[in-house]
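S.K.: Take a look at the following structure, please.
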Number of protein chains: 2
Amino acid sequence: MKWCRQALLLSSSTLYGYPMLEFAKHEICSALTKHGIKEFIFVPYARKNYNWYTSQIKAIIEPWGFHMTGLHTYPDPVKAINASKAIFVGGGNSFLLLKTLYELNLVATIKKRVLQDGMLYIGSSAGTNVATIGIHTTNDMPIVYPPSLNGIGIVKFNINPHYIDPVESVQQQGDIRDINIRGYLKMEHSRRVVGLREGANLEVDGEKILITGINGAVLFGK
Amino acid sequence: MKWCRQALLLSSSTLYGYPMLEFAKHEICSALTKHGIKEFIFVPYARKNYNWYTSQIKAIIEPWGFHMTGLHTYPDPVKAINASKAIFVGGGNSFLLLKTLYELNLVATIKKRVLQDGMLYIGSSAGTNVATIGIHTTNDMPIVYPPSLNGIGIVKFNINPHYIDPVESVQQQGDIRDINIRGYLKMEHSRRVVGLREGANLEVDGEKILITGINGAVLFGK
């Protein structure tokens with residue numbers, strides 16, 4: 001099967017020194033424009049307050065020339081996703097986001113829409129995490145219990161968003177990022193992990209995957 | 001019901017500038033000696049290599065005058081816990097530890113032994129996390145999927161081990177500890193969270209809970 005998948009996976013929505021999403025403006029606008037998309041759906045489930053979160057993102061994106069609607073405002077979210085040409089899944093907590101996507105039957109729906117129909121998927125942070133094979137390498141706390149750790153599976157590896165490189169003189173021993181990722185890679189079911197630094201994006205175009213933006217990424221293997 | 005629970009919950013096994021467990025030597029020795037305990041069981045399930053992990057801890061603890069055996073060396077772990085006066089649950093990954101404890105039917109067994117029979121529980125990092133109401137505020141990555149996030153429930157709140165205070169000039173926006181803890185506290189099922197800095201311990205003696213060691217703790221409420 002030839003994949004028609006189109007995705008833009010951002011490490012984060014914010015980058016130090018820039019207004020929210022500003023660093024990725026070019027990539028987001030290009031991805032939408034390339035596919036002739038003028039309107040899309042925002043998925044706010046990674047945070048608790050959907051209205052507030054949607055209005056925050058709307059205030060940034062709409063001046064760029066696109067129309068955006070929160071998925072929570074549709075009576076039937078599955079139907080809304082089936083009718084949309086693009087979605088933007090915002091960051092927040094990956095466990096909360098994935099649990100809500102499962103509860104609303106959206107994991108399978110989004111997977112089909114992206115992999116079979118070519119719907120454009122834009123994700124940031126938690127929205128990037130759930131787009132992968134699973135959220136096993138999230139930095140988020142498990143504030144809720146999702147029915148599975150498996151993600152939508154747009155890419156067949158794990159991503160660690162907000163990746164930070166090990167610091168030489170670190171005095172804190174408990175949560176060093178690359179050690180935690182290597183701990184995951186010792187598990188039988190683990191996959192490759194892309195440590196995506198803030199400011200870096202993965203652009204997925206069919207079988208091609210490009211690292212764009214600034215700061216780059218680190219690939220971890222078994 | 002009057003609790004006879006006895007527990008020593010360490011934030012971490014290592015503290016910058018000290019050999020492993022050295023900073024907590026006094027508290028560990030006192031807790032064991034107070035109850036006339038000369039031998040105890042080590043629970044190595046938070047890491048993959050049980051033999052290696054047990055031998056590491058054994059090399060530190062046995063020179064202090066105690067005899068220690070890895071739980072994985074017993075044919076029936078439930079029986080072993082039922083016959084032991086004290087256990088030490090080592091750190092590593094909280095998800096891996098909790099999943100294994102559930103699989104071996106040890107969550108309920110340890111709970112009963114500590115809350116009803118007064119078995120001494122010593123935990124460090126992940127071993128501290130699983131001793132609480134749940135692992136919702138762990139820093140660990142969900143490298144495996146446990147059947148629940150609920151812990152043993154020796155204390156009725158959550159702990160964030162390795163707690164680090166917010167840093168003024170942080171350039172990384174994605175995983176700031178206190179923001180993540182406050183995200184958890186927005187959930188309906190959430191409890192109070194104790195952010196336990198490295199070097200700090202909770203000493204649980206019946207209804208009394210003391211913060212000992214160095215560096216202290218931060219209490220987060222709704």
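Ordering of the structure tokens sets the chain letters (A, B, ...), residue numbers begin anew at 1 in every chain, and ligands are numbered from 1 in the order given.
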Write out as an MDAnalysis selection string all residues of region 41-193 of chain A that backbone DSSP assigns to alpha helix (DSSP H).

M.R.: chainID A and resid 50:61 77:82 94:103 106:115 126:129 177:185

S.K.: Taking N, CA and C atoms for each residue, export the selection above as a short mmCIF file (atom, residue, chain, number, x, y, z; two decimals), in the first residue's frame.

M.R.:
data_model
loop_
_atom_site.label_atom_id
_atom_site.label_comp_id
_atom_site.auth_asym_id
_atom_site.auth_seq_id
_atom_site.Cartn_x
_atom_site.Cartn_y
_atom_site.Cartn_z
N TYR A 50 -11.83 23.51 26.81
CA TYR A 50 -11.83 23.47 25.34
C TYR A 50 -12.09 24.85 24.72
N ASN A 51 -13.05 25.59 25.28
CA ASN A 51 -13.39 26.90 24.70
C ASN A 51 -12.22 27.87 24.78
N TRP A 52 -11.63 27.93 25.97
CA TRP A 52 -10.51 28.84 26.19
C TRP A 52 -9.34 28.47 25.27
N TYR A 53 -9.03 27.17 25.22
CA TYR A 53 -7.89 26.71 24.44
C TYR A 53 -8.10 26.99 22.95
N THR A 54 -9.30 26.71 22.47
CA THR A 54 -9.60 26.94 21.05
C THR A 54 -9.49 28.42 20.71
N SER A 55 -9.98 29.27 21.61
CA SER A 55 -9.94 30.71 21.33
C SER A 55 -8.49 31.22 21.30
N GLN A 56 -7.63 30.64 22.15
CA GLN A 56 -6.21 31.03 22.14
C GLN A 56 -5.56 30.74 20.78
N ILE A 57 -5.82 29.55 20.28
CA ILE A 57 -5.19 29.12 19.01
C ILE A 57 -5.82 29.86 17.83
N LYS A 58 -7.12 30.04 17.92
CA LYS A 58 -7.86 30.78 16.88
C LYS A 58 -7.28 32.19 16.69
N ALA A 59 -6.98 32.82 17.82
CA ALA A 59 -6.47 34.20 17.79
C ALA A 59 -5.11 34.28 17.09
N ILE A 60 -4.39 33.18 17.06
CA ILE A 60 -3.09 33.17 16.38
C ILE A 60 -3.24 32.79 14.92
N ILE A 61 -4.05 31.75 14.66
CA ILE A 61 -4.10 31.15 13.32
C ILE A 61 -4.98 31.93 12.35
N PRO A 77 -18.40 14.30 16.64
CA PRO A 77 -16.99 14.51 16.30
C PRO A 77 -16.48 13.59 15.17
N VAL A 78 -16.96 12.34 15.17
CA VAL A 78 -16.51 11.40 14.12
C VAL A 78 -16.95 11.92 12.75
N LYS A 79 -18.19 12.35 12.67
CA LYS A 79 -18.74 12.89 11.43
C LYS A 79 -17.96 14.14 11.00
N ALA A 80 -17.61 14.97 11.99
CA ALA A 80 -16.87 16.20 11.69
C ALA A 80 -15.49 15.88 11.12
N ILE A 81 -14.81 14.91 11.71
CA ILE A 81 -13.48 14.51 11.22
C ILE A 81 -13.61 13.91 9.82
N ASN A 82 -14.64 13.13 9.61
CA ASN A 82 -14.85 12.51 8.29
C ASN A 82 -15.12 13.55 7.20
N SER A 94 -0.67 14.33 27.13
CA SER A 94 -0.84 13.23 26.16
C SER A 94 -1.81 12.15 26.65
N PHE A 95 -1.82 11.89 27.96
CA PHE A 95 -2.72 10.87 28.51
C PHE A 95 -4.18 11.34 28.41
N LEU A 96 -4.39 12.60 28.76
CA LEU A 96 -5.74 13.17 28.68
C LEU A 96 -6.23 13.20 27.23
N LEU A 97 -5.36 13.61 26.33
CA LEU A 97 -5.71 13.66 24.90
C LEU A 97 -6.05 12.28 24.36
N LEU A 98 -5.18 11.30 24.62
CA LEU A 98 -5.38 9.96 24.05
C LEU A 98 -6.63 9.30 24.64
N LYS A 99 -6.83 9.46 25.94
CA LYS A 99 -8.05 8.90 26.58
C LYS A 99 -9.31 9.45 25.92
N THR A 100 -9.32 10.77 25.70
CA THR A 100 -10.51 11.40 25.11
C THR A 100 -10.70 10.95 23.66
N LEU A 101 -9.61 10.83 22.92
CA LEU A 101 -9.71 10.36 21.52
C LEU A 101 -10.29 8.94 21.48
N TYR A 102 -9.85 8.07 22.41
CA TYR A 102 -10.41 6.71 22.44
C TYR A 102 -11.89 6.74 22.81
N GLU A 103 -12.23 7.54 23.81
CA GLU A 103 -13.62 7.58 24.28
C GLU A 103 -14.58 8.04 23.18
N LEU A 106 -12.19 8.30 18.12
CA LEU A 106 -11.50 9.12 17.13
C LEU A 106 -10.13 8.57 16.72
N VAL A 107 -9.56 7.63 17.49
CA VAL A 107 -8.24 7.11 17.12
C VAL A 107 -8.33 6.40 15.76
N ALA A 108 -9.27 5.48 15.65
CA ALA A 108 -9.44 4.73 14.40
C ALA A 108 -9.91 5.66 13.27
N THR A 109 -10.79 6.59 13.61
CA THR A 109 -11.33 7.52 12.59
C THR A 109 -10.21 8.37 11.99
N ILE A 110 -9.39 8.95 12.85
CA ILE A 110 -8.31 9.82 12.36
C ILE A 110 -7.29 8.99 11.57
N LYS A 111 -7.00 7.78 12.07
CA LYS A 111 -6.05 6.91 11.36
C LYS A 111 -6.50 6.64 9.93
N LYS A 112 -7.73 6.26 9.80
CA LYS A 112 -8.29 5.98 8.47
C LYS A 112 -8.25 7.24 7.60
N ARG A 113 -8.66 8.35 8.18
CA ARG A 113 -8.73 9.60 7.41
C ARG A 113 -7.34 10.03 6.91
N VAL A 114 -6.32 9.83 7.75
CA VAL A 114 -4.97 10.26 7.36
C VAL A 114 -4.33 9.25 6.41
N LEU A 115 -4.36 7.97 6.80
CA LEU A 115 -3.61 6.96 6.03
C LEU A 115 -4.31 6.58 4.73
N ALA A 126 1.74 17.07 22.66
CA ALA A 126 0.86 15.92 22.89
C ALA A 126 0.18 15.48 21.59
N GLY A 127 -0.14 16.45 20.75
CA GLY A 127 -0.75 16.15 19.45
C GLY A 127 0.21 15.41 18.53
N THR A 128 1.50 15.62 18.73
CA THR A 128 2.53 14.87 18.00
C THR A 128 2.69 13.48 18.60
N ASN A 129 2.72 13.41 19.93
CA ASN A 129 2.84 12.12 20.62
C ASN A 129 1.78 11.12 20.20
N ARG A 177 16.58 12.72 30.41
CA ARG A 177 15.78 12.33 29.26
C ARG A 177 16.33 11.15 28.47
N ASP A 178 17.62 11.20 28.12
CA ASP A 178 18.13 10.13 27.26
C ASP A 178 18.20 8.80 28.01
N ILE A 179 18.37 8.83 29.33
CA ILE A 179 18.37 7.60 30.13
C ILE A 179 16.96 7.00 30.13
N ASN A 180 15.95 7.86 30.26
CA ASN A 180 14.57 7.38 30.24
C ASN A 180 14.22 6.77 28.88
N ILE A 181 14.66 7.39 27.81
CA ILE A 181 14.38 6.85 26.47
C ILE A 181 15.09 5.49 26.31
N ARG A 182 16.33 5.40 26.78
CA ARG A 182 17.05 4.12 26.67
C ARG A 182 16.38 3.04 27.52
N GLY A 183 15.76 3.45 28.64
CA GLY A 183 15.00 2.50 29.46
C GLY A 183 13.84 1.92 28.67
N TYR A 184 13.17 2.75 27.90
CA TYR A 184 12.08 2.29 27.03
C TYR A 184 12.61 1.32 25.97
N LEU A 185 13.76 1.64 25.40
CA LEU A 185 14.30 0.81 24.31
C LEU A 185 14.75 -0.58 24.79
#

S.K.: Based on only C-alpha atoms, which of the residues in chain B come within 8 Å of chain A? I want them as number ranges by chain.

M.R.: B: 12, 14-16, 48, 135-145, 148-149, 162, 171-175, 180-181, 183-184, 186-187, 190, 198

S.K.: Please save C-alpha atoms of the selected residues as a PDB file, in the first residue's frame.

M.R.:
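And here is the file that came out, out_1.pdb:
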ATOM      1  CA  SER B  12      15.640   9.160  45.287  1.00  0.00           C
ATOM      2  CA  THR B  14      21.087   9.106  44.765  1.00  0.00           C
ATOM      3  CA  LEU B  15      21.834  12.624  45.869  1.00  0.00           C
ATOM      4  CA  TYR B  16      24.372  14.792  44.087  1.00  0.00           C
ATOM      5  CA  LYS B  48      14.854  -5.063  33.903  1.00  0.00           C
ATOM      6  CA  ILE B 135       1.529   6.988  40.158  1.00  0.00           C
ATOM      7  CA  HIS B 136      -0.250   9.946  38.481  1.00  0.00           C
ATOM      8  CA  THR B 137       2.597  12.330  39.294  1.00  0.00           C
ATOM      9  CA  THR B 138       5.586  10.196  38.350  1.00  0.00           C
ATOM     10  CA  ASN B 139       8.308  11.704  36.145  1.00  0.00           C
ATOM     11  CA  ASP B 140       8.831   8.356  34.418  1.00  0.00           C
ATOM     12  CA  MET B 141       7.894   7.510  30.867  1.00  0.00           C
ATOM     13  CA  PRO B 142       5.039   5.012  30.365  1.00  0.00           C
ATOM     14  CA  ILE B 143       7.320   2.351  28.863  1.00  0.00           C
ATOM     15  CA  VAL B 144       4.756  -0.353  29.678  1.00  0.00           C
ATOM     16  CA  TYR B 145       0.993  -0.319  30.318  1.00  0.00           C
ATOM     17  CA  SER B 148      -4.177   0.571  36.685  1.00  0.00           C
ATOM     18  CA  LEU B 149      -2.429   3.734  37.870  1.00  0.00           C
ATOM     19  CA  HIS B 162      12.853  14.116  42.442  1.00  0.00           C
ATOM     20  CA  GLN B 171      14.038  28.385  28.181  1.00  0.00           C
ATOM     21  CA  GLN B 172      12.315  25.014  27.864  1.00  0.00           C
ATOM     22  CA  GLN B 173       8.551  25.419  27.994  1.00  0.00           C
ATOM     23  CA  GLY B 174       7.373  21.867  27.692  1.00  0.00           C
ATOM     24  CA  ASP B 175       7.760  20.012  30.940  1.00  0.00           C
ATOM     25  CA  ASN B 180       2.418  19.438  35.277  1.00  0.00           C
ATOM     26  CA  ILE B 181       1.409  18.834  38.901  1.00  0.00           C
ATOM     27  CA  GLY B 183      -2.504  20.005  35.517  1.00  0.00           C
ATOM     28  CA  TYR B 184      -3.105  16.840  37.515  1.00  0.00           C
ATOM     29  CA  LYS B 186      -7.429  20.029  37.767  1.00  0.00           C
ATOM     30  CA  MET B 187      -8.708  16.463  37.385  1.00  0.00           C
ATOM     31  CA  SER B 190      -6.822  14.095  41.856  1.00  0.00           C
ATOM     32  CA  GLU B 198      15.995  14.797  46.190  1.00  0.00           C
TER      33      GLU B 198
END

S.K.: Point out the residue among B:Asn105, B:Ser124, B:Ala86, B:Gly199 with the least atom-to-atom distance to Thr212 (chain B), counting only C-alpha atoms.

M.R.: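 Under the stated criterion, the closest residue is B:Gly199.
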
S.K.: I want to know what sits within 10 Å of region 116-121 of chain B, based on only C-alpha atoms, with residues of the same chain fewer than 3 positions away left out; could you give that as a ChimeraX atom specification?

M.R.: /B:1-9,31-32,35,37,40,81-89,110-113,127-128,131,154,204-206

S.K.: Please report the interatomic distance between CA of Ile214 (chain A) and CA of Pro63 (chain A) in Å with one decimal.

M.R.: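 Between these atoms lies a distance of 23.6 Å.
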
S.K.: DSSP says strand (DSSP E or B) for which residues of region 112-219 of chain A? Put them as a PyMOL selection string?

M.R.: chain A and resi 120-124+134+150+158-163+193-197+200-205+208-213+217-219

S.K.: To one decimal place, how far is CA of Phe42 (chain B) from CA of Val130 (chain B) in Å?

M.R.: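 Separating CA of Phe42 (chain B) from CA of Val130 (chain B) is a distance of 14.7 Å.
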